[in-house]
$ cat start_2.cif   # mmCIF, C-alpha atoms
data_data
#
loop_
_atom_site.group_PDB
_atom_site.id
_atom_site.type_symbol
_atom_site.label_atom_id
_atom_site.label_comp_id
_atom_site.auth_asym_id
_atom_site.auth_seq_id
_atom_site.Cartn_x
_atom_site.Cartn_y
_atom_site.Cartn_z
ATOM 1 C CA MET A 1 69.270 -9.452 40.459
ATOM 2 C CA LYS A 2 68.856 -6.350 38.278
ATOM 3 C CA PHE A 3 67.561 -8.538 35.447
ATOM 4 C CA LEU A 4 64.917 -10.049 37.737
ATOM 5 C CA MET A 5 63.789 -6.624 38.864
ATOM 6 C CA PHE A 6 63.668 -5.389 35.261
ATOM 7 C CA ILE A 7 61.511 -8.350 34.145
ATOM 8 C CA ASP A 8 59.262 -7.920 37.154
ATOM 9 C CA ARG A 9 58.847 -4.216 36.398
ATOM 10 C CA VAL A 10 58.080 -4.513 32.662
ATOM 11 C CA TYR A 11 56.057 -7.744 32.767
ATOM 12 C CA SER A 12 52.703 -5.960 32.990
ATOM 13 C CA LYS A 13 53.563 -3.694 30.078
ATOM 14 C CA ILE A 14 54.613 -6.624 27.904
ATOM 15 C CA GLN A 15 51.411 -8.474 28.739
ATOM 16 C CA ALA A 16 49.373 -5.389 27.882
ATOM 17 C CA PHE A 17 51.152 -5.290 24.520
ATOM 18 C CA PHE A 18 50.200 -8.921 23.851
ATOM 19 C CA LEU A 19 46.610 -8.201 24.867
ATOM 20 C CA LEU A 20 46.513 -5.265 22.450
ATOM 21 C CA LEU A 21 47.786 -7.564 19.697
ATOM 22 C CA VAL A 22 44.564 -9.550 19.987
ATOM 23 C CA ILE A 23 42.603 -6.837 18.162
ATOM 24 C CA PRO A 24 44.577 -6.750 14.881
ATOM 25 C CA ILE A 25 45.141 -10.506 14.957
ATOM 26 C CA THR A 26 41.405 -11.112 15.309
ATOM 27 C CA ALA A 27 40.755 -8.741 12.403
ATOM 28 C CA LEU A 28 43.397 -10.560 10.358
ATOM 29 C CA SER A 29 41.839 -13.910 11.270
ATOM 30 C CA ILE A 30 38.427 -12.719 10.115
ATOM 31 C CA TYR A 31 39.943 -11.482 6.863
ATOM 32 C CA LEU A 32 41.622 -14.834 6.268
ATOM 33 C CA TYR A 33 38.524 -16.768 7.319
ATOM 34 C CA LEU A 34 36.481 -15.079 4.603
ATOM 35 C CA ARG A 35 39.032 -15.901 1.890
ATOM 36 C CA LEU A 36 40.438 -19.320 2.779
ATOM 37 C CA PRO A 37 39.092 -22.631 1.481
ATOM 38 C CA LYS A 38 37.041 -24.894 3.754
ATOM 39 C CA TRP A 39 40.089 -27.018 4.724
ATOM 40 C CA ILE A 40 43.370 -25.464 5.812
ATOM 41 C CA PRO A 41 46.590 -26.920 7.200
ATOM 42 C CA VAL A 42 46.573 -26.892 10.984
ATOM 43 C CA LYS A 43 49.764 -28.787 11.704
ATOM 44 C CA PHE A 44 53.149 -28.419 10.056
ATOM 45 C CA GLY A 45 56.162 -30.728 10.070
ATOM 46 C CA PHE A 46 59.803 -29.842 10.625
ATOM 47 C CA ASP A 47 60.151 -29.183 6.901
ATOM 48 C CA PHE A 48 57.253 -26.665 7.149
ATOM 49 C CA ASN A 49 55.003 -28.801 4.976
ATOM 50 C CA PRO A 50 51.438 -29.400 6.171
ATOM 51 C CA THR A 51 50.942 -32.709 7.968
ATOM 52 C CA SER A 52 47.342 -32.282 9.133
ATOM 53 C CA TRP A 53 44.323 -30.421 7.807
ATOM 54 C CA GLY A 54 41.291 -28.997 9.582
ATOM 55 C CA TYR A 55 38.379 -26.607 9.228
ATOM 56 C CA LYS A 56 39.190 -22.993 8.511
ATOM 57 C CA SER A 57 37.489 -21.970 11.757
ATOM 58 C CA SER A 58 40.561 -23.313 13.562
ATOM 59 C CA ILE A 59 42.324 -20.100 12.529
ATOM 60 C CA PHE A 60 40.648 -18.433 15.534
ATOM 61 C CA ILE A 61 42.687 -20.544 17.975
ATOM 62 C CA PHE A 62 45.575 -18.074 17.827
ATOM 63 C CA PRO A 63 43.603 -14.989 18.944
ATOM 64 C CA ILE A 64 41.791 -16.980 21.627
ATOM 65 C CA VAL A 65 45.015 -18.332 23.133
ATOM 66 C CA LEU A 66 46.652 -14.927 22.823
ATOM 67 C CA LEU A 67 43.755 -13.461 24.796
ATOM 68 C CA ILE A 68 43.453 -16.160 27.464
ATOM 69 C CA LEU A 69 47.129 -16.738 28.301
ATOM 70 C CA PRO A 70 47.958 -13.175 29.419
ATOM 71 C CA LEU A 71 44.707 -12.938 31.365
ATOM 72 C CA PHE A 72 45.411 -16.083 33.378
ATOM 73 C CA THR A 73 49.052 -15.189 33.963
ATOM 74 C CA SER A 74 48.599 -11.586 34.994
ATOM 75 C CA LYS A 75 50.912 -10.003 37.528
ATOM 76 C CA ARG A 76 48.179 -9.945 40.169
ATOM 77 C CA ILE A 77 47.555 -13.677 39.813
ATOM 78 C CA MET A 78 51.270 -14.470 39.826
ATOM 79 C CA THR A 79 51.829 -12.359 42.946
ATOM 80 C CA SER A 80 48.964 -14.010 44.790
ATOM 81 C CA GLN A 81 50.296 -17.480 43.947
ATOM 82 C CA GLU A 82 53.986 -16.921 44.589
ATOM 83 C CA LYS A 83 55.548 -14.476 47.031
ATOM 84 C CA LEU A 84 59.194 -15.303 46.307
ATOM 85 C CA LEU A 85 60.576 -12.935 43.646
ATOM 86 C CA THR A 86 62.798 -15.435 41.852
ATOM 87 C CA ARG A 87 60.003 -17.968 41.411
ATOM 88 C CA ARG A 88 57.546 -15.339 40.285
ATOM 89 C CA VAL A 89 59.982 -13.894 37.762
ATOM 90 C CA SER A 90 60.841 -17.338 36.429
ATOM 91 C CA ALA A 91 57.124 -17.941 35.843
ATOM 92 C CA GLU A 92 56.897 -14.555 34.131
ATOM 93 C CA VAL A 93 59.855 -15.382 31.880
ATOM 94 C CA ILE A 94 58.331 -18.742 30.941
ATOM 95 C CA THR A 95 55.042 -17.039 30.110
ATOM 96 C CA LEU A 96 56.799 -14.473 27.925
ATOM 97 C CA VAL A 97 58.718 -17.212 26.102
ATOM 98 C CA VAL A 98 55.464 -19.079 25.432
ATOM 99 C CA LEU A 99 53.856 -15.891 24.111
ATOM 100 C CA VAL A 100 56.811 -15.216 21.802
ATOM 101 C CA ILE A 101 56.722 -18.804 20.496
ATOM 102 C CA LEU A 102 52.991 -18.404 19.894
ATOM 103 C CA ILE A 103 53.551 -15.200 17.913
ATOM 104 C CA ILE A 104 56.333 -16.779 15.843
ATOM 105 C CA SER A 105 54.244 -19.840 15.017
ATOM 106 C CA MET A 106 51.285 -17.620 14.210
ATOM 107 C CA ILE A 107 53.375 -15.543 11.813
ATOM 108 C CA GLY A 108 54.504 -18.708 10.049
ATOM 109 C CA ALA A 109 50.994 -20.142 9.813
ATOM 110 C CA TYR A 110 49.414 -16.879 8.671
ATOM 111 C CA SER A 111 52.072 -16.342 6.016
ATOM 112 C CA TYR A 112 51.289 -19.838 4.716
ATOM 113 C CA TYR A 113 47.563 -19.025 4.756
ATOM 114 C CA PHE A 114 48.165 -15.805 2.814
ATOM 115 C CA SER A 115 49.985 -17.813 0.165
ATOM 116 C CA MET A 116 46.867 -19.986 -0.175
ATOM 117 C CA ILE A 117 44.649 -17.017 -1.082
#
$ encode --input "start_2.cif" --output "structure tokens"
Amino acid sequence: MKFLMFIDRVYSKIQAFFLLLVIPITALSIYLYLRLPKWIPVKFGFDFNPTSWGYKSSIFIFPIVLLILPLFTSKRIMTSQEKLLTRRVSAEVITLVVLVILIISMIGAYSYYFSMI
């Protein structure tokens, strides 16, 4: 129960951190956009080799998702949708896991894009 209360208490702060990450990630995306070729890999296989290519403007998907996801899963919205603490916290944990997976995949993709410059 202490873990649930801890997650519920720090959830807003963690989401604010992810929202603040949008600013440097957008700046990094603009930097990469100006230097990358017209076609970049947008999908990677299990061996981390590109399996699909797309326009370089698709690099802005990461900042957009990183901005939209925390806004639509804010604590106020979660509280209005679910009153039961355990269900609300489980939704918060799932959201945080998705955000962490997004950051990890973004780090991998951006490191690959930097190697293309």
$ closest_residue --input "start_2.cif" --among "A:Ile94, A:Val42, A:Leu32, A:Leu99" --to "Leu19 (chain A)" --atoms "all atoms listed in the file"
A:Leu99
$ closest_atom_pairs --input "start_2.cif" --of "region 39-82 of chain A" --to "region 11-14 of chain A" --cutoff "10 Å" --atoms "all atoms listed in the file" --output "CSV"
residue,atom,partner,partner_atom,distance
A:Pro70,CA,A:Ser12,CA,9.3
A:Thr73,CA,A:Ser12,CA,10.0
A:Ser74,CA,A:Ser12,CA,7.2
A:Lys75,CA,A:Ser12,CA,6.3
A:Arg76,CA,A:Ser12,CA,9.4
$ residues_around --input "start_2.cif" --residues "Ile61 (chain A)" --least-positions-apart "3" --cutoff "10 Å" --atoms "only C-alpha atoms" --output "PyMOL selection string"
chain A and resi 26+29+57-58+64-67+106
$ write_last_selection --input "start_2.cif" --atoms "C-alpha atoms" --output "PDB file, keeping the file's coordinate frame"
ATOM      1  CA  THR A  26      41.405 -11.112  15.309  1.00  0.00           C
ATOM      2  CA  SER A  29      41.839 -13.910  11.270  1.00  0.00           C
ATOM      3  CA  SER A  57      37.489 -21.970  11.757  1.00  0.00           C
ATOM      4  CA  SER A  58      40.561 -23.313  13.562  1.00  0.00           C
ATOM      5  CA  ILE A  64      41.791 -16.980  21.627  1.00  0.00           C
ATOM      6  CA  VAL A  65      45.015 -18.332  23.133  1.00  0.00           C
ATOM      7  CA  LEU A  66      46.652 -14.927  22.823  1.00  0.00           C
ATOM      8  CA  LEU A  67      43.755 -13.461  24.796  1.00  0.00           C
ATOM      9  CA  MET A 106      51.285 -17.620  14.210  1.00  0.00           C
TER      10      MET A 106
END
$ closest_residue --input "start_2.cif" --among "A:Ile40, A:Leu4, A:Ile30, A:Leu71" --to "Arg87 (chain A)" --atoms "all atoms listed in the file"
A:Leu4
$ closest_residue --input "start_2.cif" --among "A:Leu85, A:Met78, A:Leu20, A:Ile59" --to "Pro41 (chain A)" --atoms "all atoms listed in the file"
A:Ile59
$ closest_residue --input "start_2.cif" --among "A:Gly54, A:Pro37, A:Pro24, A:Gly45" --to "Met116 (chain A)" --atoms "all atoms listed in the file"
A:Pro37
$ residues_around --input "start_2.cif" --residues "Val97 (chain A)" --least-positions-apart "4" --cutoff "12 Å" --atoms "all atoms listed in the file" --output "ChimeraX atom specification"
/A:11,14-15,69-70,90-93,101-104
$ closest_residue --input "start_2.cif" --among "A:Lys83, A:Asp47, A:Tyr110, A:Ile77" --to "Tyr31 (chain A)" --atoms "all atoms listed in the file"
A:Tyr110
$ decode --input "start_2.cif" --residues "region 38-75 of chain A" --atoms "N, CA, C and O atoms" --output "compact mmCIF listing (two decimals), in the first residue's frame"
# COMPACT_ATOMS: atom_id res chain seq x y z
N LYS A 38 17.23 13.00 -46.75
CA LYS A 38 15.78 13.05 -46.96
C LYS A 38 15.09 11.81 -46.41
O LYS A 38 13.98 11.89 -45.88
N TRP A 39 15.70 10.65 -46.52
CA TRP A 39 15.12 9.38 -46.05
C TRP A 39 15.91 8.88 -44.86
O TRP A 39 17.13 8.82 -44.89
N ILE A 40 15.18 8.53 -43.80
CA ILE A 40 15.81 8.00 -42.59
C ILE A 40 15.10 6.72 -42.19
O ILE A 40 13.94 6.50 -42.55
N PRO A 41 15.78 5.85 -41.43
CA PRO A 41 15.09 4.66 -40.94
C PRO A 41 14.06 5.02 -39.89
O PRO A 41 14.33 5.83 -39.00
N VAL A 42 12.87 4.45 -40.02
CA VAL A 42 11.80 4.74 -39.07
C VAL A 42 11.36 3.50 -38.31
O VAL A 42 10.59 3.59 -37.36
N LYS A 43 11.85 2.36 -38.73
CA LYS A 43 11.49 1.11 -38.05
C LYS A 43 12.73 0.24 -38.02
O LYS A 43 13.45 0.11 -39.00
N PHE A 44 12.97 -0.35 -36.84
CA PHE A 44 14.15 -1.18 -36.64
C PHE A 44 13.73 -2.58 -36.25
O PHE A 44 12.74 -2.77 -35.54
N GLY A 45 14.52 -3.58 -36.68
CA GLY A 45 14.24 -4.96 -36.34
C GLY A 45 14.83 -5.32 -34.99
O GLY A 45 15.42 -4.49 -34.29
N PHE A 46 14.71 -6.60 -34.63
CA PHE A 46 15.26 -7.06 -33.36
C PHE A 46 16.78 -6.99 -33.33
O PHE A 46 17.38 -6.91 -32.27
N ASP A 47 17.40 -7.03 -34.50
CA ASP A 47 18.86 -6.93 -34.57
C ASP A 47 19.32 -5.48 -34.69
O ASP A 47 20.48 -5.22 -34.98
N PHE A 48 18.41 -4.53 -34.51
CA PHE A 48 18.65 -3.09 -34.54
C PHE A 48 19.08 -2.58 -35.91
O PHE A 48 19.66 -1.51 -36.02
N ASN A 49 18.79 -3.35 -36.94
CA ASN A 49 19.02 -2.88 -38.30
C ASN A 49 17.73 -2.29 -38.84
O ASN A 49 16.64 -2.78 -38.53
N PRO A 50 17.83 -1.24 -39.67
CA PRO A 50 16.61 -0.62 -40.19
C PRO A 50 15.82 -1.59 -41.08
O PRO A 50 16.39 -2.30 -41.89
N THR A 51 14.51 -1.60 -40.90
CA THR A 51 13.65 -2.44 -41.72
C THR A 51 12.68 -1.61 -42.55
O THR A 51 12.06 -2.15 -43.46
N SER A 52 12.55 -0.32 -42.24
CA SER A 52 11.64 0.54 -42.98
C SER A 52 12.19 1.96 -42.97
O SER A 52 12.77 2.40 -41.98
N TRP A 53 12.00 2.65 -44.08
CA TRP A 53 12.52 4.00 -44.22
C TRP A 53 11.38 4.98 -44.45
O TRP A 53 10.34 4.61 -44.97
N GLY A 54 11.57 6.22 -44.04
CA GLY A 54 10.54 7.24 -44.21
C GLY A 54 11.16 8.61 -44.32
O GLY A 54 12.38 8.77 -44.25
N TYR A 55 10.32 9.62 -44.48
CA TYR A 55 10.81 10.99 -44.57
C TYR A 55 11.43 11.43 -43.25
O TYR A 55 11.03 10.97 -42.18
N LYS A 56 12.37 12.35 -43.35
CA LYS A 56 13.05 12.80 -42.13
C LYS A 56 12.13 13.60 -41.22
O LYS A 56 12.40 13.76 -40.05
N SER A 57 11.01 14.07 -41.73
CA SER A 57 10.06 14.80 -40.87
C SER A 57 9.42 13.88 -39.83
O SER A 57 8.87 14.36 -38.84
N SER A 58 9.53 12.58 -40.02
CA SER A 58 8.98 11.64 -39.03
C SER A 58 9.75 11.66 -37.72
O SER A 58 9.29 11.08 -36.73
N ILE A 59 10.87 12.35 -37.69
CA ILE A 59 11.64 12.47 -36.45
C ILE A 59 10.88 13.27 -35.39
O ILE A 59 11.13 13.15 -34.20
N PHE A 60 9.89 14.06 -35.82
CA PHE A 60 9.12 14.87 -34.88
C PHE A 60 8.00 14.09 -34.20
O PHE A 60 7.27 14.64 -33.38
N ILE A 61 7.86 12.81 -34.50
CA ILE A 61 6.86 11.98 -33.83
C ILE A 61 7.18 11.83 -32.35
O ILE A 61 6.29 11.89 -31.51
N PHE A 62 8.45 11.66 -32.02
CA PHE A 62 8.84 11.49 -30.62
C PHE A 62 8.45 12.68 -29.76
O PHE A 62 7.81 12.51 -28.72
N PRO A 63 8.80 13.92 -30.12
CA PRO A 63 8.39 15.04 -29.25
C PRO A 63 6.88 15.21 -29.19
O PRO A 63 6.35 15.58 -28.14
N ILE A 64 6.19 14.93 -30.28
CA ILE A 64 4.73 15.09 -30.27
C ILE A 64 4.09 14.09 -29.32
O ILE A 64 3.24 14.45 -28.50
N VAL A 65 4.51 12.83 -29.40
CA VAL A 65 3.95 11.81 -28.50
C VAL A 65 4.34 12.10 -27.06
O VAL A 65 3.53 11.95 -26.15
N LEU A 66 5.57 12.56 -26.87
CA LEU A 66 6.02 12.87 -25.51
C LEU A 66 5.28 14.07 -24.93
O LEU A 66 5.16 14.18 -23.71
N LEU A 67 4.74 14.91 -25.77
CA LEU A 67 3.93 16.03 -25.30
C LEU A 67 2.48 15.62 -25.06
O LEU A 67 1.87 15.96 -24.04
N ILE A 68 1.92 14.83 -25.96
CA ILE A 68 0.50 14.49 -25.89
C ILE A 68 0.19 13.47 -24.79
O ILE A 68 -0.79 13.62 -24.06
N LEU A 69 1.02 12.45 -24.65
CA LEU A 69 0.73 11.38 -23.69
C LEU A 69 0.61 11.90 -22.25
O LEU A 69 -0.39 11.61 -21.58
N PRO A 70 1.55 12.67 -21.74
CA PRO A 70 1.36 13.17 -20.36
C PRO A 70 0.17 14.12 -20.22
O PRO A 70 -0.46 14.16 -19.17
N LEU A 71 -0.14 14.86 -21.27
CA LEU A 71 -1.29 15.77 -21.16
C LEU A 71 -2.61 15.02 -21.06
O LEU A 71 -3.50 15.42 -20.31
N PHE A 72 -2.74 13.93 -21.80
CA PHE A 72 -3.99 13.17 -21.77
C PHE A 72 -4.07 12.17 -20.62
O PHE A 72 -5.11 11.56 -20.41
N THR A 73 -2.98 11.99 -19.91
CA THR A 73 -2.99 11.08 -18.77
C THR A 73 -2.61 11.82 -17.49
O THR A 73 -1.97 11.26 -16.62
N SER A 74 -3.01 13.05 -17.40
CA SER A 74 -2.68 13.84 -16.22
C SER A 74 -3.42 13.29 -15.00
O SER A 74 -4.40 12.56 -15.10
N LYS A 75 -2.96 13.69 -13.85
CA LYS A 75 -3.55 13.22 -12.59
C LYS A 75 -5.01 13.65 -12.48
O LYS A 75 -5.85 12.88 -12.02
